[in-house]
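Enquirer: Would you mind keeping the following structure in view while I ask a few things?
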There are 4 protein chains.
Amino acid sequence: MDIIVLKPGASDDALKHLLKKLESKGLTANVSRGTERTIVGVIGDTSRITEEEEDAIRAMTGVENVMRIIRPYKLASREFQSENTVIDVRGRTIGGKKVAVIAGPCSVENETMIVSIAEEVKAAGASFIRGGAFKPRTSPYAFQGLGEEGLRYLAEAREKTGLPVVTELMDPRDLGTMVEYADVIQIGARNMQNFRLLLEVGSVRKPVLLKRGLSSTIKEWLMSAEYIMSRGNHEVILCERGIRTFETATRNTLDLSAVPVLKGLTHLPVVVDPSHGVGKWDLVPAMAKAAIAAGADGLLLEVHSNPEEAMSDGEQSLKPRDFLKLMEELKPVAAAVEREI
Amino acid sequence: MDIIVLKPGASDDALKHLLKKLESKGLTANVSRGTERTIVGVIGDTSRITEEEEDAIRAMTGVENVMRIIRPYKLASREFQSENTVIDVRGRTIGGKKVAVIAGPCSVENETMIVSIAEEVKAAGASFIRGGAFKPRTSPYAFQGLGEEGLRYLAEAREKTGLPVVTELMDPRDLGTMVEYADVIQIGARNMQNFRLLLEVGSVRKPVLLKRGLSSTIKEWLMSAEYIMSRGNHEVILCERGIRTFETATRNTLDLSAVPVLKGLTHLPVVVDPSHGVGKWDLVPAMAKAAIAAGADGLLLEVHSNPEEAMSDGEQSLKPRDFLKLMEELKPVAAAVEREI
Amino acid sequence: MDIIVLKPGASDDALKHLLKKLESKGLTANVSRGTERTIVGVIGDTSRITEEEEDAIRAMTGVENVMRIIRPYKLASREFQSENTVIDVRGRTIGGKKVAVIAGPCSVENETMIVSIAEEVKAAGASFIRGGAFKPRTSPYAFQGLGEEGLRYLAEAREKTGLPVVTELMDPRDLGTMVEYADVIQIGARNMQNFRLLLEVGSVRKPVLLKRGLSSTIKEWLMSAEYIMSRGNHEVILCERGIRTFETATRNTLDLSAVPVLKGLTHLPVVVDPSHGVGKWDLVPAMAKAAIAAGADGLLLEVHSNPEEAMSDGEQSLKPRDFLKLMEELKPVAAAVEREI
Amino acid sequence: MDIIVLKPGASDDALKHLLKKLESKGLTANVSRGTERTIVGVIGDTSRITEEEEDAIRAMTGVENVMRIIRPYKLASREFQSENTVIDVRGRTIGGKKVAVIAGPCSVENETMIVSIAEEVKAAGASFIRGGAFKPRTSPYAFQGLGEEGLRYLAEAREKTGLPVVTELMDPRDLGTMVEYADVIQIGARNMQNFRLLLEVGSVRKPVLLKRGLSSTIKEWLMSAEYIMSRGNHEVILCERGIRTFETATRNTLDLSAVPVLKGLTHLPVVVDPSHGVGKWDLVPAMAKAAIAAGADGLLLEVHSNPEEAMSDGEQSLKPRDFLKLMEELKPVAAAVEREI
C-alpha cells in the first residue's frame, strides 16, 4: 500500500490519468476526497513499483507527493526473517549471545607486527583479528597498504592464533585474491554505495562486514545490505562507525541509537566501531561500554603496539595494555545486559 | 598562546602592522619564518583577546588564519577545577557516585496526574520529578503549558513525595515565579543561546540544567554554561538531548560521545535525555543503559501514565510499568561501571 | 486530510479505538485495507489536530505512523494569501520589484562611525541602515553592544540620511525601548525559536526581520513567522543567513534554494544575508549576486569602514569601496531577473 | 610549516622525543614556550609528512594537537597553477568565458529518446549531451542502466548532433569500454572517494567530471581531484551537486558558496548540477541562474521529453520547452557577470 497525495485543485483529468497509470501496473486505487486534498491509496503489490516509477508518478501533473509505506528492502528486513541471523566464522559467532570482539591495527605494517598484535588481542579475549591490507586514504600520497603481501601476513597471524581474519576490499578486481585469505570481507564506509562492489561480494560465500557510510541513513544502509543479499550472500554484518555531523570534538558522531533501531528493522547482526566513531583512543573505552549496553553484537577496536609509530590512525588506537584493561571492564557490562564477552 | 598564520607572500609591512597591534594589547610575539608560510606565536595572556578582536586580526591584510589554543571558557573548564562538581538539591545529588534519575511527563497537565506520576516514579527509584509548566512549542496553536498553575502542581507533587522539582524557564520575566517553585531550573535546547536568559539564571542561587542546543557544538555549549557561571551561579548541569543530523529514523541523533568528551573538558555533571534524543519510547531503554555505560551522571526520562492521551510528546514517553522495568535493568549496568542508581 | 498508517497485523480493536478517538474530535475516517497495511484517511478540519494530539495518536497501539498533509502554518502560507506581501517602511519597500539593500556594521560602535557608514551606504544605493545595539555573543566576556545608546546613534544615522533602521532585539524587556528607535526589528538566528520573544514582536506594529535558525528547517522557520503573525503583526521578512553543516570552508552553508522554496510556500518577502552565510568578505560579492539571481527580495550586507578595527565580525565585512563596487555589479544581475536595485 | 601544540604540563622528555622524531624526518623546529602552552613550529618540507605520520605525532605523549598549514593537495591548487584550466572537448570548452551547458536525461532509455533529446538541447543552446548508461541506484531492484548499449546510443546522439558525450563510470572494469564512447567521464557523488576508480580515470586521457560527495568537504573533494591528477590526467572538472543536511524541503542542499571558495583554491573549472541539488524541476531555473551569478563555469541540467515516463529522476527533469525558456533567461544573467552562454 502506497499513498499518493494530489495537489489542491488537481483536475479530474489528472486523477483519471493517474488511475490509468496505476491500472497499467496491475494496481488498484482507493480514492479519498478530503476538503483540501484528494488522497489515492494504492492497493496491490506496490513493492514492484521501482524508484524510477515512483519518481515518474511524482512528476505527473496534479501530484503533490508519493508516500511509500512498504520498506524498500526485503531480505534484510525483520519481517522477512524474524529470528536473528547468527554468523559462524571458523567456530566464532557474530549475532549470538557472545559479543564478538574484532581487534587489530588499522593497517598491516609487517608480519611481526600483525602476528604479535594478534597474539596480544587473542590473549585479552578478542575473537577476530582485523587489519587493512588495502587502505582507502584521502590522499594519493599516503600509504595505501601492503596489498596481497598484507593479506598473507594476516593469514599468517590466523595460522598462529586461530583468529579469523577481517579485512577490507576496495576493488572488485581484488576479490579473487581476497577470498583466498580473508574470513570476513569488510566494505568500508566510503564504499557503502559502491554498488558494483556490493554485487561482487554478494556473489561469494564469505560473510561481509558492511560499514555505514559517513552520511548514510539507516534505510540506505539496509538497501546496501539488500544489494549483497540479493545476489545470494545472506551473511551481512552491519557496522556502525560514526556519521558526519557539525560537531568537531570527535572525528565522527557515533550513532549508537542505530543499534536498537536496526534491531527492530533487521535480523542482521550489528557491530560498533568506536575507534573510528570518536577518533581518539581515550574516548574509546566509554563508547565501547555504551555500545554493548545499547545491544551491539560486537565491537571493532583498533589496537596497535606502538600507536605513535603507526602507519595510519595512530591517534585512535588502544595500546595492548589498554585493550586488556578494557576487555576486563567490558565483562560486567556485557553481563548486565545478559551477554557474554 | 595563540597562533597567527600569514598568507604566502605577506609583506613585511603587514607583519610589522600585526606585531604593533599585538604590542598594543600587551602581548609579545615569536615569529617563525617557514619556507612557505610565516607563523606568529602570540605570547602573554591571550585570553583577554576577545572574539571581536580575533575577527579583526583575521581581517588584517596578510593574515590567513588565527588559531586559538586557549579554551574560551574558564570557570567551566576542568583546568579551573579538577574535581567533579557535585550538586546537592534537597539532599539528592547530581555528579556523585549515584546516577540521578529525573523522571516525569513532558507537560504538567493537571494536579492529579503530576502527583500520581511523581509517586510512581519515586516508587521505581527516581530522585527528581520533572514536568513542563511553560512549554516551547513549534506551533503557536499548540498547548503552551499551564504556566504558574503548573508550577503549583509540581510543588504539590514535591510536597507529597519529597522529590525535588526540575522544570523549564522560557522567559526572563517568569524567573521570579520560577524560583518560588522550582528546585532545578531547566533551560531548553532552543534557548541554549538565549544569552539574556542565561545571564538571568546566572544571577539566582538555583541549579540550572542546561540542555544542549539542537545544533550546538560542545564548545558552544560550554560557553553557554560559562555565561551562567560568569554571573556567580556555578551549579550547572549539562544535559545531552540529541543533535540534529540528516538521519530521520530517530527524532534526533543522541550524541553519547559528548559524555566522555565533557568529562575531559569540564568538572560539571553531565546527564542524558534519551527520550528527546531518540523520540520513540521503545528505543529509550537501550539508550538509557548506553548513557550510563558511557559515564553519564544522570538520566532525564519522560514517563506518562497514559501516553496516548498525553498533551505533548506522547510518542516518546514510557508508561510507569516500563519505567519500573527499566530502573531494574539499569541497576546492573550502573554497577558494571561502578555507579549506583 | 491526514493519513494514519497502521502496523502490519494491527488488531480490529486498535482500529476501532482509533476511529472512536477521531470521531471524538469531530473527524470522519476513510479506511483502506491493503494487503500489507491498513491506511486511515482522516477527513474534516484536521488543522485543529494539535501537535500533541498527533503525537498521542502516534503513541496508540497499532499505529505505525501519522502523516500530515495540511501545512501547520496558515497565515504565512501562499494559500492564505496568493499575492506577495510588500512591506513599506518610511517609503522604502521590501517585497516589491526593487531589491532592498540593508547595509551597515555588525555592531554600532559609536555615533561617528554609524553616521558615516550610513552616509556611505546610502551614497552607494542602500535603502536601509543596519547595526547591532544588543549583540548576541557566544562568550559572556565579549562586547555585548552599546544597548540603548547604540539605538540612539542609529536613530541619529537615520536622521542624517533618511535610511530606516534595522536592528536586533534579544530580550522582551527591551521591546519598549526598541520600538522608539527601530523601524524594522530583527530577530536573530539564535532566537528564531525563542517563542516568547516572537509573541512579543507579534504584538507591536513594526515589521520584523526573522533570521533563519542555524539548524532550522524551512517549515520550522515558517512556523516561527506564524507565531508572530498569530498575534496580529503580518509584516514579517524572512532572512536566510546560512545553515550549519559539516563544511568548514565557510562559516555556514548559505542555502539559496530556500529562496525559490519559500517563494512557493509563502507570500512573505525573503532576503538573504551572505555576510553571515559565508563569513568571509571576499566570498560575499559572488553570493550576493547569486541571491538576487535566485529571486531574493533583498540583501543584508555587513559594511565597516575599518574591518580590522571592528568590534565584531570584521572578517566578513565589506569596506565601503568594496560595497560601492558590489552595488554597481548587482545592477545588471537584478536587471537580468527583471528586478531593480 | 606545520604547528604542534603540546599539552599543558607536557614534560621536557616528551618535547625532546618529539624534536628527535622531527629531526629523523629531516625537519627542524622552532619552539615557543608560552605561559600556558608550548608550541612547536615545524620548518622544512612538511608536505612530505603523510597523514599517518601526522596521526602518529598526534598520538605521542604530551602532544595536544597538530595543525597543518600546508594544503594537502598540490596539483589541484591555485598555487601550483595560477591561471584557470580551460578544457577543450571536441571544440567545446569548459572553464573559459562561455558557460558550458551539459544537458540530457538522467538515464539513456533507448536510441530514439536520447537522439531526440540531444537534438532538442542542442537547438536550445546546450554544448554537451549527458545521459547515464551505468546507473548507481540505491535499490538492487531498480533499473541499473542499459550498459554498453546505452553508450552506443549516446555515441549515436553525438554523431547526429556533434555534441560531446558526458556519462558516468561506476566500475574500473568498464573503463576500456567507456573510453571508446565517452568524451567526458563522470564520477558520481557516491564514488567520489572510490579511490581505485579515481586512480583508473587518472591514467586515461579523457576529461573527468568529478561530482562532490554527499557529505564531502571541499578539501576532501580537492584531494579526490588530486588522486586523478597524480596519475597524470590534469583535466578534472569539479561538479557541485548538493550536500546532505538536515533540510528536507529539497533533495540536497546546493552549496553555491563552493563556487567562489573553489575559485580561490583551485584552477580547475567548476560546474553546478542544480537538478540533483534541489531535486524538483520547478526550483531548477532559480538555482541555475544563481549558479551562473555565483561564477560557475557550467551547468549540468536534466532534461527529459516526458518526465512522468522517465525511468529515473523524473521529478527533477525539465521538459525541453522549459529548458529552452531557461536558456533564454540565463543569457542576461551570464552577461551580467561578463560571461556568455
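Following the order of the C-alpha cells, chains are lettered A, B, ..., residues in each are numbered from 1, and ligands are numbered from 1.
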Hand me chain C as it sits after a least-squares fit onto chain B over every Cα, paired in order, written as a CSV table (one decimal) with C-alpha atoms, in the first residue's frame.

Expert:
```
chain,number,residue,atom,x,y,z
C,1,MET,CA,49.4,31.3,23.4
C,2,ASP,CA,47.6,31.8,20.1
C,3,ILE,CA,48.9,31.3,16.6
C,4,ILE,CA,48.6,33.6,13.6
C,5,VAL,CA,49.4,32.3,10.2
C,6,LEU,CA,50.3,34.7,7.5
C,7,LYS,CA,49.4,34.3,3.8
C,8,PRO,CA,52.2,33.2,1.5
C,9,GLY,CA,53.9,36.3,0.3
C,10,ALA,CA,52.6,38.6,3.1
C,11,SER,CA,54.6,41.8,3.2
C,12,ASP,CA,57.0,42.8,5.9
C,13,ASP,CA,54.7,45.8,6.4
C,14,ALA,CA,51.8,43.6,7.1
C,15,LEU,CA,53.8,41.7,9.7
C,16,LYS,CA,55.1,44.9,11.3
C,17,HIS,CA,51.5,46.2,11.5
C,18,LEU,CA,50.3,43.0,13.1
C,19,LEU,CA,53.2,43.0,15.7
C,20,LYS,CA,52.4,46.5,16.6
C,21,LYS,CA,48.7,45.6,17.1
C,22,LEU,CA,49.7,42.7,19.4
C,23,GLU,CA,52.0,45.0,21.3
C,24,SER,CA,49.2,47.5,21.8
C,25,LYS,CA,47.3,44.7,23.6
C,26,GLY,CA,50.3,44.0,25.9
C,27,LEU,CA,51.2,40.8,24.1
C,28,THR,CA,54.6,39.7,22.6
C,29,ALA,CA,55.2,37.6,19.5
C,30,ASN,CA,57.5,34.8,18.4
C,31,VAL,CA,57.9,34.9,14.6
C,32,SER,CA,58.8,31.7,12.8
C,33,ARG,CA,59.5,32.0,9.1
C,34,GLY,CA,59.0,28.8,7.2
C,35,THR,CA,59.7,28.1,3.6
C,36,GLU,CA,56.0,28.7,2.6
C,37,ARG,CA,54.5,30.5,5.5
C,38,THR,CA,55.3,32.8,8.4
C,39,ILE,CA,53.8,31.9,11.7
C,40,VAL,CA,53.4,34.2,14.6
C,41,GLY,CA,53.1,32.7,18.1
C,42,VAL,CA,51.4,35.1,20.5
C,43,ILE,CA,52.7,35.1,24.0
C,44,GLY,CA,51.0,36.6,27.1
C,45,ASP,CA,47.5,36.5,28.4
C,46,THR,CA,45.7,35.9,25.1
C,47,SER,CA,42.5,35.0,26.9
C,48,ARG,CA,41.9,38.7,27.1
C,49,ILE,CA,41.7,38.8,23.2
C,50,THR,CA,38.0,38.9,22.6
C,51,GLU,CA,36.2,37.2,19.8
C,52,GLU,CA,35.8,40.5,18.0
C,53,GLU,CA,39.5,41.3,18.3
C,54,GLU,CA,40.3,37.9,16.9
C,55,ASP,CA,37.9,38.5,14.0
C,56,ALA,CA,39.6,41.9,13.4
C,57,ILE,CA,43.0,40.3,13.3
C,58,ARG,CA,41.7,37.7,10.9
C,59,ALA,CA,40.6,40.6,8.7
C,60,MET,CA,44.1,42.3,8.6
C,61,THR,CA,46.0,42.4,5.4
C,62,GLY,CA,48.4,39.5,5.1
C,63,VAL,CA,46.7,37.3,7.7
C,64,GLU,CA,45.5,33.9,6.6
C,65,ASN,CA,44.2,32.5,9.8
C,66,VAL,CA,44.1,32.8,13.6
C,67,MET,CA,44.2,29.7,15.7
C,68,ARG,CA,43.3,29.9,19.3
C,69,ILE,CA,44.9,27.4,21.6
C,70,ILE,CA,43.3,28.7,24.8
C,71,ARG,CA,39.8,27.4,25.5
C,72,PRO,CA,37.4,30.3,25.5
C,73,TYR,CA,35.7,29.1,28.7
C,74,LYS,CA,37.3,29.2,32.1
C,75,LEU,CA,35.0,28.7,35.0
C,76,ALA,CA,33.5,25.6,33.3
C,77,SER,CA,36.9,24.1,32.5
C,78,ARG,CA,38.5,21.1,34.1
C,79,GLU,CA,41.6,23.2,34.3
C,80,PHE,CA,39.8,25.7,36.5
C,81,GLN,CA,38.5,23.0,38.8
C,82,SER,CA,39.9,19.5,38.6
C,83,GLU,CA,37.5,17.7,40.9
C,84,ASN,CA,33.9,17.0,39.8
C,85,THR,CA,31.2,19.4,40.8
C,86,VAL,CA,28.6,17.6,42.9
C,87,ILE,CA,25.3,19.4,43.2
C,88,ASP,CA,23.1,18.9,46.2
C,89,VAL,CA,19.4,19.5,45.8
C,90,ARG,CA,17.4,19.0,48.9
C,91,GLY,CA,19.6,16.1,49.8
C,92,ARG,CA,19.7,14.4,46.4
C,93,THR,CA,23.0,14.7,44.5
C,94,ILE,CA,23.9,15.1,40.8
C,95,GLY,CA,27.5,14.4,39.9
C,96,GLY,CA,28.4,11.9,42.6
C,97,LYS,CA,28.5,8.2,42.6
C,98,LYS,CA,24.8,7.8,42.4
C,99,VAL,CA,23.2,8.2,39.0
C,100,ALA,CA,20.4,10.8,39.3
C,101,VAL,CA,17.1,9.8,37.6
C,102,ILE,CA,14.9,12.8,36.8
C,103,ALA,CA,11.5,11.4,35.6
C,104,GLY,CA,8.1,12.7,34.8
C,105,PRO,CA,5.8,13.8,32.0
C,106,CYS,CA,6.7,16.3,29.2
C,107,SER,CA,3.9,18.7,30.3
C,108,VAL,CA,2.1,19.1,33.6
C,109,GLU,CA,-1.5,18.5,32.6
C,110,ASN,CA,-3.3,18.7,36.0
C,111,GLU,CA,-2.7,18.1,39.7
C,112,THR,CA,-3.8,14.5,40.0
C,113,MET,CA,-1.7,13.5,37.0
C,114,ILE,CA,1.6,15.0,38.2
C,115,VAL,CA,1.1,13.9,41.8
C,116,SER,CA,0.4,10.3,40.7
C,117,ILE,CA,3.3,10.2,38.3
C,118,ALA,CA,5.6,11.6,41.0
C,119,GLU,CA,4.5,8.8,43.3
C,120,GLU,CA,5.0,6.2,40.7
C,121,VAL,CA,8.5,7.3,39.6
C,122,LYS,CA,9.5,7.7,43.2
C,123,ALA,CA,8.4,4.2,44.0
C,124,ALA,CA,10.5,3.0,41.0
C,125,GLY,CA,13.6,4.8,42.3
C,126,ALA,CA,13.7,8.2,40.6
C,127,SER,CA,15.3,11.1,42.6
C,128,PHE,CA,13.6,14.0,40.9
C,129,ILE,CA,10.3,14.9,39.3
C,130,ARG,CA,10.2,16.8,36.1
C,131,GLY,CA,7.4,18.3,34.1
C,132,GLY,CA,6.8,21.4,32.0
C,133,ALA,CA,4.7,24.3,33.1
C,134,PHE,CA,6.0,26.6,30.3
C,135,LYS,CA,6.3,24.6,27.1
C,136,PRO,CA,8.2,25.7,24.0
C,137,ARG,CA,6.1,24.5,21.1
C,138,THR,CA,6.9,24.9,17.4
C,139,SER,CA,3.3,25.9,16.7
C,140,PRO,CA,1.6,29.0,18.2
C,141,TYR,CA,-1.6,26.9,18.1
C,142,ALA,CA,-0.3,24.1,20.4
C,143,PHE,CA,-0.8,23.8,24.1
C,144,GLN,CA,1.7,26.2,25.7
C,145,GLY,CA,1.6,24.7,29.2
C,146,LEU,CA,-0.3,25.6,32.4
C,147,GLY,CA,2.1,28.3,33.5
C,148,GLU,CA,2.2,29.2,37.2
C,149,GLU,CA,-0.7,26.8,37.8
C,150,GLY,CA,1.6,24.0,36.6
C,151,LEU,CA,4.4,25.1,38.9
C,152,ARG,CA,2.0,24.9,41.8
C,153,TYR,CA,1.0,21.4,40.9
C,154,LEU,CA,4.7,20.5,40.7
C,155,ALA,CA,5.3,21.9,44.1
C,156,GLU,CA,2.3,19.9,45.3
C,157,ALA,CA,3.9,16.7,43.9
C,158,ARG,CA,7.2,17.6,45.7
C,159,GLU,CA,5.2,18.1,48.9
C,160,LYS,CA,3.7,14.6,48.6
C,161,THR,CA,6.8,12.7,47.5
C,162,GLY,CA,9.8,14.7,48.6
C,163,LEU,CA,11.2,14.7,45.1
C,164,PRO,CA,12.8,18.0,44.1
C,165,VAL,CA,11.3,19.6,41.0
C,166,VAL,CA,13.0,20.2,37.7
C,167,THR,CA,11.1,22.5,35.3
C,168,GLU,CA,11.8,24.7,32.3
C,169,LEU,CA,12.1,28.5,32.2
C,170,MET,CA,11.5,30.2,28.9
C,171,ASP,CA,11.2,33.9,29.7
C,172,PRO,CA,13.3,36.1,32.0
C,173,ARG,CA,10.1,37.7,33.2
C,174,ASP,CA,9.0,34.4,34.7
C,175,LEU,CA,12.1,33.9,36.8
C,176,GLY,CA,10.7,35.4,40.0
C,177,THR,CA,7.8,33.0,39.9
C,178,MET,CA,10.0,30.1,38.9
C,179,VAL,CA,12.4,30.4,41.8
C,180,GLU,CA,9.5,30.1,44.3
C,181,TYR,CA,8.6,26.7,43.0
C,182,ALA,CA,11.4,25.0,41.2
C,183,ASP,CA,14.5,23.3,42.6
C,184,VAL,CA,16.4,23.0,39.4
C,185,ILE,CA,15.7,25.4,36.5
C,186,GLN,CA,15.9,23.8,33.1
C,187,ILE,CA,17.0,25.8,30.1
C,188,GLY,CA,15.7,24.1,26.9
C,189,ALA,CA,17.6,23.3,23.8
C,190,ARG,CA,16.1,26.1,21.8
C,191,ASN,CA,17.1,28.6,24.4
C,192,MET,CA,20.7,27.4,24.9
C,193,GLN,CA,21.9,30.5,23.2
C,194,ASN,CA,19.3,32.9,24.6
C,195,PHE,CA,22.0,34.8,26.3
C,196,ARG,CA,19.8,37.1,28.2
C,197,LEU,CA,18.0,34.2,29.8
C,198,LEU,CA,21.4,32.6,30.7
C,199,LEU,CA,22.6,35.8,32.4
C,200,GLU,CA,19.3,35.9,34.4
C,201,VAL,CA,19.6,32.3,35.7
C,202,GLY,CA,23.2,33.0,36.4
C,203,SER,CA,22.1,35.6,39.0
C,204,VAL,CA,20.0,33.3,41.1
C,205,ARG,CA,21.0,30.5,43.5
C,206,LYS,CA,19.3,27.5,42.0
C,207,PRO,CA,21.0,24.8,40.0
C,208,VAL,CA,20.5,25.1,36.2
C,209,LEU,CA,20.0,22.1,33.9
C,210,LEU,CA,21.3,23.4,30.6
C,211,LYS,CA,20.2,21.4,27.6
C,212,ARG,CA,22.4,21.2,24.5
C,213,GLY,CA,21.1,23.1,21.5
C,214,LEU,CA,19.9,21.1,18.5
C,215,SER,CA,23.0,22.1,16.5
C,216,SER,CA,25.3,23.3,19.1
C,217,THR,CA,28.9,22.2,19.4
C,218,ILE,CA,30.2,21.1,22.7
C,219,LYS,CA,32.4,24.2,22.8
C,220,GLU,CA,29.4,26.5,22.3
C,221,TRP,CA,27.5,24.5,25.0
C,222,LEU,CA,30.3,25.1,27.5
C,223,MET,CA,30.3,28.8,26.5
C,224,SER,CA,26.7,28.9,27.5
C,225,ALA,CA,27.5,27.3,30.8
C,226,GLU,CA,30.2,29.9,31.2
C,227,TYR,CA,27.5,32.6,30.7
C,228,ILE,CA,25.6,31.3,33.7
C,229,MET,CA,28.7,30.8,35.8
C,230,SER,CA,30.1,34.2,34.9
C,231,ARG,CA,27.2,35.7,36.9
C,232,GLY,CA,28.1,33.7,40.0
C,233,ASN,CA,25.9,30.6,39.7
C,234,HIS,CA,28.3,27.7,39.4
C,235,GLU,CA,25.7,24.9,39.7
C,236,VAL,CA,25.2,24.0,36.1
C,237,ILE,CA,24.2,20.5,34.9
C,238,LEU,CA,24.8,19.8,31.2
C,239,CYS,CA,22.1,17.7,29.5
C,240,GLU,CA,22.8,15.9,26.2
C,241,ARG,CA,19.4,15.5,24.4
C,242,GLY,CA,20.4,14.7,20.8
C,243,ILE,CA,21.6,16.8,17.9
C,244,ARG,CA,20.1,17.4,14.5
C,245,THR,CA,21.6,15.4,11.7
C,246,PHE,CA,20.4,14.1,8.3
C,247,GLU,CA,19.1,10.8,9.9
C,248,THR,CA,15.3,10.6,10.2
C,249,ALA,CA,15.0,7.2,11.8
C,250,THR,CA,15.2,8.9,15.2
C,251,ARG,CA,13.9,12.3,16.2
C,252,ASN,CA,17.5,13.5,16.9
C,253,THR,CA,20.8,11.8,17.0
C,254,LEU,CA,21.8,11.2,20.6
C,255,ASP,CA,25.5,12.1,20.9
C,256,LEU,CA,26.6,9.9,23.7
C,257,SER,CA,30.3,10.6,22.9
C,258,ALA,CA,29.6,14.0,24.3
C,259,VAL,CA,29.6,12.3,27.8
C,260,PRO,CA,33.3,11.2,27.8
C,261,VAL,CA,34.3,14.4,25.9
C,262,LEU,CA,32.7,16.6,28.5
C,263,LYS,CA,34.2,14.5,31.3
C,264,GLY,CA,37.6,15.5,30.0
C,265,LEU,CA,36.8,19.2,29.4
C,266,THR,CA,34.7,20.2,32.4
C,267,HIS,CA,34.0,19.4,36.0
C,268,LEU,CA,30.3,20.0,35.6
C,269,PRO,CA,27.9,17.0,35.9
C,270,VAL,CA,26.5,15.6,32.6
C,271,VAL,CA,23.1,14.0,32.3
C,272,VAL,CA,21.4,12.4,29.2
C,273,ASP,CA,17.8,12.7,28.0
C,274,PRO,CA,17.3,9.6,25.8
C,275,SER,CA,13.6,10.4,25.5
C,276,HIS,CA,14.1,13.5,23.4
C,277,GLY,CA,17.3,12.1,21.9
C,278,VAL,CA,15.5,9.2,20.1
C,279,GLY,CA,11.9,10.3,20.3
C,280,LYS,CA,10.4,6.8,20.4
C,281,TRP,CA,9.7,5.2,23.7
C,282,ASP,CA,10.8,1.7,22.7
C,283,LEU,CA,14.3,2.9,21.9
C,284,VAL,CA,14.7,4.7,25.2
C,285,PRO,CA,15.7,1.7,27.4
C,286,ALA,CA,18.7,0.8,25.2
C,287,MET,CA,19.9,4.3,25.1
C,288,ALA,CA,19.4,4.9,28.8
C,289,LYS,CA,21.6,1.9,29.5
C,290,ALA,CA,24.2,3.1,27.0
C,291,ALA,CA,24.2,6.6,28.6
C,292,ILE,CA,25.1,5.1,32.0
C,293,ALA,CA,27.7,2.8,30.5
C,294,ALA,CA,29.2,5.9,28.8
C,295,GLY,CA,29.6,7.6,32.2
C,296,ALA,CA,26.5,9.9,32.5
C,297,ASP,CA,25.8,11.3,35.9
C,298,GLY,CA,22.1,11.1,35.4
C,299,LEU,CA,19.1,10.5,33.1
C,300,LEU,CA,16.1,12.6,32.1
C,301,LEU,CA,13.3,10.3,31.3
C,302,GLU,CA,9.8,11.0,30.1
C,303,VAL,CA,7.1,9.0,31.9
C,304,HIS,CA,3.4,9.3,31.4
C,305,SER,CA,0.6,7.2,32.8
C,306,ASN,CA,-1.3,7.3,29.5
C,307,PRO,CA,1.0,8.3,26.6
C,308,GLU,CA,-1.8,8.2,24.1
C,309,GLU,CA,-3.7,10.9,26.0
C,310,ALA,CA,-0.6,13.0,26.6
C,311,MET,CA,-0.8,16.7,25.8
C,312,SER,CA,2.7,16.6,24.4
C,313,ASP,CA,5.4,14.1,23.3
C,314,GLY,CA,3.3,11.0,24.0
C,315,GLU,CA,5.3,9.1,21.4
C,316,GLN,CA,8.5,9.2,23.5
C,317,SER,CA,7.0,8.6,27.0
C,318,LEU,CA,7.5,5.4,28.9
C,319,LYS,CA,4.5,4.1,30.9
C,320,PRO,CA,5.1,3.7,34.6
C,321,ARG,CA,5.4,-0.1,34.3
C,322,ASP,CA,8.0,0.3,31.5
C,323,PHE,CA,9.9,2.8,33.7
C,324,LEU,CA,9.9,0.4,36.7
C,325,LYS,CA,11.3,-2.4,34.5
C,326,LEU,CA,13.9,-0.1,33.1
C,327,MET,CA,15.0,1.1,36.5
C,328,GLU,CA,15.6,-2.6,37.4
C,329,GLU,CA,17.6,-3.2,34.3
C,330,LEU,CA,19.7,-0.1,34.9
C,331,LYS,CA,21.0,-1.3,38.2
C,332,PRO,CA,23.4,-3.9,37.0
C,333,VAL,CA,24.6,-1.5,34.2
C,334,ALA,CA,25.3,1.2,36.8
C,335,ALA,CA,27.1,-1.4,39.0
C,336,ALA,CA,29.2,-2.5,36.0
C,337,VAL,CA,30.7,1.0,35.7
C,338,GLU,CA,31.0,1.4,39.4
C,339,ARG,CA,28.0,3.6,39.9
C,340,GLU,CA,24.7,3.2,41.8
C,341,ILE,CA,21.2,4.1,40.8
```

Enquirer: Among the residues of region 46-292 of chain B, find those DSSP assigns to strand (DSSP E) from the backbone and print them as a ChimeraX atom specification.

Expert: /B:63-68,87-89,92-94,100-104,128-130,165-168,184-187,208-211,236-240,270-272

Enquirer: If you run DSSP on the backbone here, which positions in region 101-283 of chain D get alpha helix (DSSP H)? Please write them as an MDAnalysis selection string.

Expert: chainID D and resid 111:124 148:161 175:181 195:202 218:230 258:265 274:278
